[in-house]
file target_17.pdb (PDB, C-alpha atoms)
ATOM      1  CA  MET N1018    -106.234 -55.115-155.369  1.00  0.00           C
ATOM      2  CA  LEU N1019    -102.908 -55.874-153.680  1.00  0.00           C
ATOM      3  CA  ASN N1020     -99.909 -54.088-155.125  1.00  0.00           C
ATOM      4  CA  ILE N1021     -97.401 -56.872-155.820  1.00  0.00           C
ATOM      5  CA  ALA N1022     -94.478 -54.476-155.305  1.00  0.00           C
ATOM      6  CA  SER N1023     -95.558 -53.948-151.694  1.00  0.00           C
ATOM      7  CA  LYS N1024     -95.262 -57.645-150.860  1.00  0.00           C
ATOM      8  CA  LEU N1025     -92.151 -58.582-148.903  1.00  0.00           C
ATOM      9  CA  ALA N1026     -90.255 -61.804-149.648  1.00  0.00           C
ATOM     10  CA  TYR N1027     -87.550 -63.290-147.448  1.00  0.00           C
ATOM     11  CA  LYS N1028     -85.160 -66.203-147.685  1.00  0.00           C
ATOM     12  CA  LEU N1029     -85.098 -67.985-144.328  1.00  0.00           C
ATOM     13  CA  CYS N1030     -82.568 -70.770-143.654  1.00  0.00           C
ATOM     14  CA  ILE N1031     -83.143 -73.441-141.013  1.00  0.00           C
ATOM     15  CA  PHE N1032     -80.023 -75.322-139.974  1.00  0.00           C
ATOM     16  CA  GLY N1033     -78.711 -77.641-137.272  1.00  0.00           C
ATOM     17  CA  SER N1034     -77.684 -81.253-136.732  1.00  0.00           C
ATOM     18  CA  GLY N1035     -79.511 -84.173-138.303  1.00  0.00           C
ATOM     19  CA  GLY N1036     -82.628 -85.410-136.540  1.00  0.00           C
ATOM     20  CA  VAL N1037     -83.313 -82.285-134.458  1.00  0.00           C
ATOM     21  CA  GLY N1038     -86.702 -81.696-136.081  1.00  0.00           C
ATOM     22  CA  LYS N1039     -86.039 -79.029-138.722  1.00  0.00           C
ATOM     23  CA  THR N1040     -88.152 -80.649-141.443  1.00  0.00           C
ATOM     24  CA  THR N1041     -90.897 -81.566-138.981  1.00  0.00           C
ATOM     25  CA  LEU N1042     -91.014 -77.940-137.762  1.00  0.00           C
ATOM     26  CA  ILE N1043     -91.323 -76.612-141.314  1.00  0.00           C
ATOM     27  CA  LYS N1044     -94.004 -79.159-142.246  1.00  0.00           C
ATOM     28  CA  ARG N1045     -95.975 -78.280-139.098  1.00  0.00           C
ATOM     29  CA  TYR N1046     -95.700 -74.575-139.895  1.00  0.00           C
ATOM     30  CA  VAL N1047     -96.574 -74.850-143.586  1.00  0.00           C
ATOM     31  CA  THR N1048     -99.261 -77.594-143.464  1.00  0.00           C
ATOM     32  CA  LYS N1049    -100.359 -77.509-139.771  1.00  0.00           C
ATOM     33  CA  ILE N1050     -99.787 -81.287-139.723  1.00  0.00           C
ATOM     34  CA  PHE N1051     -97.325 -83.226-137.535  1.00  0.00           C
ATOM     35  CA  GLU N1052     -95.616 -86.001-139.454  1.00  0.00           C
ATOM     36  CA  GLU N1053     -93.811 -88.540-137.306  1.00  0.00           C
ATOM     37  CA  ASP N1054     -91.917 -90.402-140.049  1.00  0.00           C
ATOM     38  CA  ILE N1055     -90.082 -87.861-142.155  1.00  0.00           C
ATOM     39  CA  LYS N1056     -87.242 -88.931-144.429  1.00  0.00           C
ATOM     40  CA  MET N1057     -83.786 -87.413-144.023  1.00  0.00           C
ATOM     41  CA  THR N1058     -83.240 -84.231-146.026  1.00  0.00           C
ATOM     42  CA  ILE N1059     -80.663 -84.620-148.801  1.00  0.00           C
ATOM     43  CA  GLY N1060     -78.755 -81.360-149.353  1.00  0.00           C
ATOM     44  CA  ALA N1061     -81.553 -78.855-148.870  1.00  0.00           C
ATOM     45  CA  ASP N1062     -85.315 -78.692-149.236  1.00  0.00           C
ATOM     46  CA  PHE N1063     -87.500 -75.708-149.965  1.00  0.00           C
ATOM     47  CA  SER N1064     -90.964 -74.582-148.790  1.00  0.00           C
ATOM     48  CA  ILE N1065     -93.012 -71.413-149.193  1.00  0.00           C
ATOM     49  CA  ARG N1066     -95.638 -69.865-146.943  1.00  0.00           C
ATOM     50  CA  ASN N1067     -97.452 -66.587-147.434  1.00  0.00           C
ATOM     51  CA  VAL N1068     -98.271 -64.816-144.172  1.00  0.00           C
ATOM     52  CA  THR N1069     -99.319 -61.432-142.881  1.00  0.00           C
ATOM     53  CA  VAL N1070     -97.131 -59.929-140.158  1.00  0.00           C
ATOM     54  CA  ASP N1071     -98.005 -56.571-138.629  1.00  0.00           C
ATOM     55  CA  GLY N1072    -100.451 -56.007-141.484  1.00  0.00           C
ATOM     56  CA  LYS N1073     -97.787 -56.634-144.139  1.00  0.00           C
ATOM     57  CA  PRO N1074     -98.094 -59.479-146.678  1.00  0.00           C
ATOM     58  CA  VAL N1075     -94.906 -61.552-146.565  1.00  0.00           C
ATOM     59  CA  THR N1076     -93.668 -64.527-148.569  1.00  0.00           C
ATOM     60  CA  LEU N1077     -91.314 -66.775-146.617  1.00  0.00           C
ATOM     61  CA  ARG N1078     -89.021 -68.901-148.760  1.00  0.00           C
ATOM     62  CA  ILE N1079     -87.894 -71.466-146.213  1.00  0.00           C
ATOM     63  CA  TRP N1080     -84.702 -73.414-146.878  1.00  0.00           C
ATOM     64  CA  ASP N1081     -84.284 -76.606-144.848  1.00  0.00           C
ATOM     65  CA  PHE N1082     -80.600 -77.568-144.634  1.00  0.00           C
ATOM     66  CA  ALA N1083     -79.619 -81.203-144.233  1.00  0.00           C
ATOM     67  CA  GLY N1084     -77.964 -81.803-140.891  1.00  0.00           C
ATOM     68  CA  GLU N1085     -75.724 -84.663-141.949  1.00  0.00           C
ATOM     69  CA  GLU N1086     -71.998 -83.901-141.932  1.00  0.00           C
ATOM     70  CA  ARG N1087     -71.526 -84.986-145.574  1.00  0.00           C
ATOM     71  CA  PHE N1088     -73.853 -82.228-146.825  1.00  0.00           C
ATOM     72  CA  ARG N1089     -72.314 -79.336-144.880  1.00  0.00           C
ATOM     73  CA  VAL N1090     -69.939 -78.425-147.697  1.00  0.00           C
ATOM     74  CA  LEU N1091     -72.990 -77.375-149.758  1.00  0.00           C
ATOM     75  CA  LEU N1092     -74.551 -75.156-147.127  1.00  0.00           C
ATOM     76  CA  PRO N1093     -72.619 -71.885-147.607  1.00  0.00           C
ATOM     77  CA  SER N1094     -73.760 -71.740-151.239  1.00  0.00           C
ATOM     78  CA  PHE N1095     -77.360 -72.556-150.255  1.00  0.00           C
ATOM     79  CA  ALA N1096     -77.199 -69.823-147.578  1.00  0.00           C
ATOM     80  CA  LYS N1097     -76.197 -67.056-150.001  1.00  0.00           C
ATOM     81  CA  GLY N1098     -78.773 -64.290-150.041  1.00  0.00           C
ATOM     82  CA  ALA N1099     -80.397 -65.347-146.771  1.00  0.00           C
ATOM     83  CA  ASP N1100     -82.382 -62.693-144.932  1.00  0.00           C
ATOM     84  CA  GLY N1101     -82.626 -64.654-141.678  1.00  0.00           C
ATOM     85  CA  GLY N1102     -81.896 -67.959-140.004  1.00  0.00           C
ATOM     86  CA  ILE N1103     -83.078 -70.430-137.423  1.00  0.00           C
ATOM     87  CA  PHE N1104     -80.455 -72.540-135.639  1.00  0.00           C
ATOM     88  CA  MET N1105     -82.306 -75.561-134.290  1.00  0.00           C
ATOM     89  CA  PHE N1106     -81.153 -78.183-131.806  1.00  0.00           C
ATOM     90  CA  ASP N1107     -82.839 -81.012-129.900  1.00  0.00           C
ATOM     91  CA  ILE N1108     -83.260 -80.317-126.163  1.00  0.00           C
ATOM     92  CA  THR N1109     -82.874 -84.074-125.503  1.00  0.00           C
ATOM     93  CA  ARG N1110     -79.488 -84.407-127.285  1.00  0.00           C
ATOM     94  CA  TYR N1111     -76.708 -82.218-125.891  1.00  0.00           C
ATOM     95  CA  SER N1112     -74.480 -83.039-128.861  1.00  0.00           C
ATOM     96  CA  THR N1113     -76.815 -81.033-131.136  1.00  0.00           C
ATOM     97  CA  ILE N1114     -76.085 -77.703-129.422  1.00  0.00           C
ATOM     98  CA  LYS N1115     -72.357 -78.042-128.790  1.00  0.00           C
ATOM     99  CA  ASP N1116     -71.407 -77.508-132.464  1.00  0.00           C
ATOM    100  CA  ILE N1117     -73.212 -74.163-132.772  1.00  0.00           C
ATOM    101  CA  ASP N1118     -69.886 -72.563-133.855  1.00  0.00           C
ATOM    102  CA  ASP N1119     -69.683 -74.829-136.901  1.00  0.00           C
ATOM    103  CA  TRP N1120     -73.271 -74.146-137.868  1.00  0.00           C
ATOM    104  CA  LEU N1121     -72.984 -70.385-137.482  1.00  0.00           C
ATOM    105  CA  SER N1122     -69.798 -70.394-139.579  1.00  0.00           C
ATOM    106  CA  ILE N1123     -72.012 -71.241-142.582  1.00  0.00           C
ATOM    107  CA  PHE N1124     -73.154 -67.648-142.304  1.00  0.00           C
ATOM    108  CA  GLU N1125     -69.680 -66.218-141.698  1.00  0.00           C
ATOM    109  CA  TYR N1126     -69.941 -63.948-144.717  1.00  0.00           C
ATOM    110  CA  PHE N1127     -72.803 -62.219-142.837  1.00  0.00           C
ATOM    111  CA  VAL N1128     -70.604 -61.617-139.803  1.00  0.00           C
ATOM    112  CA  SER N1129     -68.775 -58.368-139.164  1.00  0.00           C
ATOM    113  CA  GLU N1130     -66.773 -57.931-135.980  1.00  0.00           C
ATOM    114  CA  LYS N1131     -68.350 -61.001-134.340  1.00  0.00           C
ATOM    115  CA  GLU N1132     -71.910 -59.789-134.894  1.00  0.00           C
ATOM    116  CA  MET N1133     -74.426 -61.307-137.266  1.00  0.00           C
ATOM    117  CA  ASN N1134     -75.731 -58.943-139.920  1.00  0.00           C
ATOM    118  CA  ILE N1135     -78.850 -61.039-140.409  1.00  0.00           C
ATOM    119  CA  PRO N1136     -81.234 -62.040-137.646  1.00  0.00           C
ATOM    120  CA  ILE N1137     -80.842 -65.629-136.444  1.00  0.00           C
ATOM    121  CA  ILE N1138     -82.859 -67.149-133.626  1.00  0.00           C
ATOM    122  CA  MET N1139     -82.041 -70.285-131.693  1.00  0.00           C
ATOM    123  CA  VAL N1140     -84.784 -72.897-131.371  1.00  0.00           C
ATOM    124  CA  GLY N1141     -84.795 -75.817-128.961  1.00  0.00           C
ATOM    125  CA  GLY N1142     -86.984 -78.505-130.476  1.00  0.00           C
ATOM    126  CA  LYS N1143     -88.903 -81.404-128.936  1.00  0.00           C
ATOM    127  CA  SER N1144     -90.050 -79.528-125.836  1.00  0.00           C
ATOM    128  CA  ASP N1145     -92.775 -82.161-125.443  1.00  0.00           C
ATOM    129  CA  LEU N1146     -89.971 -84.506-124.292  1.00  0.00           C
ATOM    130  CA  GLU N1147     -89.215 -82.474-121.150  1.00  0.00           C
ATOM    131  CA  ASP N1148     -88.523 -85.635-119.122  1.00  0.00           C
ATOM    132  CA  LYS N1149     -85.599 -86.430-121.483  1.00  0.00           C
ATOM    133  CA  ARG N1150     -84.125 -82.900-121.503  1.00  0.00           C
ATOM    134  CA  SER N1151     -80.314 -82.679-121.582  1.00  0.00           C
ATOM    135  CA  VAL N1152     -79.963 -78.987-122.522  1.00  0.00           C
ATOM    136  CA  GLN N1153     -81.252 -76.553-119.916  1.00  0.00           C
ATOM    137  CA  SER N1154     -83.087 -73.428-121.136  1.00  0.00           C
ATOM    138  CA  GLU N1155     -80.684 -71.176-119.207  1.00  0.00           C
ATOM    139  CA  GLU N1156     -77.683 -72.622-121.055  1.00  0.00           C
ATOM    140  CA  ALA N1157     -79.365 -72.121-124.436  1.00  0.00           C
ATOM    141  CA  ILE N1158     -80.265 -68.528-123.551  1.00  0.00           C
ATOM    142  CA  GLU N1159     -76.627 -67.875-122.536  1.00  0.00           C
ATOM    143  CA  LEU N1160     -75.425 -69.234-125.895  1.00  0.00           C
ATOM    144  CA  ALA N1161     -77.961 -67.157-127.821  1.00  0.00           C
ATOM    145  CA  ASN N1162     -76.726 -64.062-125.952  1.00  0.00           C
ATOM    146  CA  LYS N1163     -73.052 -64.983-126.450  1.00  0.00           C
ATOM    147  CA  TYR N1164     -73.521 -65.143-130.231  1.00  0.00           C
ATOM    148  CA  LYS N1165     -75.799 -62.069-130.257  1.00  0.00           C
ATOM    149  CA  LEU N1166     -78.632 -64.077-131.758  1.00  0.00           C
ATOM    150  CA  SER N1167     -82.121 -62.601-131.955  1.00  0.00           C
ATOM    151  CA  GLY N1168     -83.514 -64.755-129.160  1.00  0.00           C
ATOM    152  CA  TYR N1169     -84.288 -68.273-128.005  1.00  0.00           C
ATOM    153  CA  ILE N1170     -87.580 -70.176-128.271  1.00  0.00           C
ATOM    154  CA  GLU N1171     -88.433 -73.768-127.365  1.00  0.00           C
ATOM    155  CA  CYS N1172     -91.052 -75.588-129.405  1.00  0.00           C
ATOM    156  CA  SER N1173     -92.786 -78.863-130.068  1.00  0.00           C
ATOM    157  CA  SER N1174     -93.735 -79.685-133.630  1.00  0.00           C
ATOM    158  CA  LYS N1175     -95.743 -82.574-132.202  1.00  0.00           C
ATOM    159  CA  THR N1176     -98.037 -80.390-130.058  1.00  0.00           C
ATOM    160  CA  GLY N1177     -97.628 -77.230-132.158  1.00  0.00           C
ATOM    161  CA  GLU N1178     -96.326 -75.276-129.139  1.00  0.00           C
ATOM    162  CA  ASN N1179     -94.592 -72.037-130.250  1.00  0.00           C
ATOM    163  CA  VAL N1180     -94.363 -73.101-133.921  1.00  0.00           C
ATOM    164  CA  GLU N1181     -96.192 -70.019-135.220  1.00  0.00           C
ATOM    165  CA  GLN N1182     -94.329 -67.801-132.722  1.00  0.00           C
ATOM    166  CA  ILE N1183     -90.927 -68.885-134.088  1.00  0.00           C
ATOM    167  CA  PHE N1184     -91.736 -67.875-137.638  1.00  0.00           C
ATOM    168  CA  GLU N1185     -93.558 -64.707-136.621  1.00  0.00           C
ATOM    169  CA  THR N1186     -90.579 -63.661-134.457  1.00  0.00           C
ATOM    170  CA  ILE N1187     -87.963 -64.233-137.160  1.00  0.00           C
ATOM    171  CA  THR N1188     -90.152 -62.592-139.813  1.00  0.00           C
ATOM    172  CA  LYS N1189     -90.518 -59.454-137.666  1.00  0.00           C
ATOM    173  CA  GLU N1190     -86.744 -59.444-137.150  1.00  0.00           C
ATOM    174  CA  MET N1191     -86.131 -59.696-140.925  1.00  0.00           C
ATOM    175  CA  ILE N1192     -88.577 -56.830-141.584  1.00  0.00           C
ATOM    176  CA  GLU N1193     -86.863 -54.643-138.947  1.00  0.00           C
ATOM    177  CA  LYS N1194     -83.264 -55.503-139.877  1.00  0.00           C
ATOM    178  CA  PRO N1195     -82.872 -55.369-143.646  1.00  0.00           C
ATOM    179  CA  LYS N1196     -79.504 -56.479-145.020  1.00  0.00           C
TER
END
call {"tool": "encode", "arguments": {"input": "target_17.pdb", "output": "C-alpha cells"}}
result
Amino acid sequence: MLNIASKLAYKLCIFGSGGVGKTTLIKRYVTKIFEEDIKMTIGADFSIRNVTVDGKPVTLRIWDFAGEERFRVLLPSFAKGADGGIFMFDITRYSTIKDIDDWLSIFEYFVSEKEMNIPIIMVGGKSDLEDKRSVQSEEAIELANKYKLSGYIECSSKTGENVEQIFETITKEMIEKPK
C-alpha cells in the first residue's frame, strides 16, 4: 500500500498572454485530447494530474492564469504558494513574448537578487505553425537564459509534440529545487 505521506504535491502556475495556448496545453496534458475551440479563461482555472516522475508519485495542481490584461491584478494572489511555473508564449505572435518582464513580475516575491527561487520554464507554443513563426528559437533561449529560467521547450498541443516533456521537466525541477 502506498504511504500517502510519501506522495509529493506541487502547485504549478501556467501564465502568459491570452490566446497563446495555455488552456489547450493543460487539456492535452491532462486528458490527452486536443480541443480546438476552448473558451477564454476567466481569472484562473485549475486542473490536477497524478504522475510518477523518477519513481516518485506526484500530484500536480495546475493553475491556468487568464492572459487578458483585466485579470492580471488577480494573478499575484493566485500565484502565492507556487512551487513552479511555465511562462508560455505563441511562436507566431511576437507580442506574446515581449512582455515577459510583466509576467515574471507576478512572481516577484519569489525573486531574490534577480534570480527566481522557484523553477520556471519558458514554453513556445504552436510549433506546428512553423511557417508562421515570428519568434526564433535562439531569441527565446537567450531570454530564458537572461532571466535564469529553467529552460526553453517548444510544443504543439495539436500534435502532442513535447507536451509530456514540458510537465516532466518542470516536475523534476520542482522536486530538485524545493522552496
call {"tool": "atom_distance", "arguments": {"input": "target_17.pdb", "atom1": "atom CA of N:Asp1119", "atom2": "atom CA of N:Phe1106"}}
result
13.0 Å
call {"tool": "resolve_selection", "arguments": {"input": "target_17.pdb", "expression": "the PyMOL selection byres ((chain N and resi 1192) around 10)", "output": "count of residues only"}}
result
19
call {"tool": "residues_around", "arguments": {"input": "target_17.pdb", "residues": "N:Glu1147", "least_positions_apart": "6", "cutoff": "12 Å", "atoms": "only C-alpha atoms", "output": "PyMOL selection string"}}
result
chain N and resi 1107-1110+1141+1153-1154+1171-1173
call {"tool": "write_last_selection", "arguments": {"input": "target_17.pdb", "atoms": "C-alpha atoms", "output": "mmCIF file, keeping the file's coordinate frame"}}
result
data_model
loop_
_atom_site.group_PDB
_atom_site.id
_atom_site.type_symbol
_atom_site.label_atom_id
_atom_site.label_comp_id
_atom_site.auth_asym_id
_atom_site.auth_seq_id
_atom_site.Cartn_x
_atom_site.Cartn_y
_atom_site.Cartn_z
ATOM 1 C CA ASP N 1107 -82.839 -81.012 -129.900
ATOM 2 C CA ILE N 1108 -83.260 -80.317 -126.163
ATOM 3 C CA THR N 1109 -82.874 -84.074 -125.503
ATOM 4 C CA ARG N 1110 -79.488 -84.407 -127.285
ATOM 5 C CA GLY N 1141 -84.795 -75.817 -128.961
ATOM 6 C CA GLN N 1153 -81.252 -76.553 -119.916
ATOM 7 C CA SER N 1154 -83.087 -73.428 -121.136
ATOM 8 C CA GLU N 1171 -88.433 -73.768 -127.365
ATOM 9 C CA CYS N 1172 -91.052 -75.588 -129.405
ATOM 10 C CA SER N 1173 -92.786 -78.863 -130.068
#
call {"tool": "residues_near_point", "arguments": {"input": "target_17.pdb", "point": "(-90.0, -69.6, -144.6)", "cutoff": "9 Å", "atoms": "all atoms listed in the file", "output": "list in words"}}
result
Tyr1027, Lys1028, Leu1029, Cys1030, Ile1031, Ile1043, Tyr1046, Val1047, Phe1063, Ser1064, Ile1065, Arg1066, Asn1067, Thr1076, Leu1077, Arg1078, Ile1079, Trp1080, Phe1184 and Thr1188 of chain N
call {"tool": "closest_residue", "arguments": {"input": "target_17.pdb", "among": "N:Thr1113, N:Thr1041, N:Asn1134, N:Ser1094", "to": "N:Val1180", "atoms": "all atoms listed in the file"}}
result
N:Thr1041
call {"tool": "closest_residue", "arguments": {"input": "target_17.pdb", "among": "N:Ser1122, N:Thr1040, N:Thr1048, N:Thr1069", "to": "N:Tyr1164", "atoms": "all atoms listed in the file"}}
result
N:Ser1122
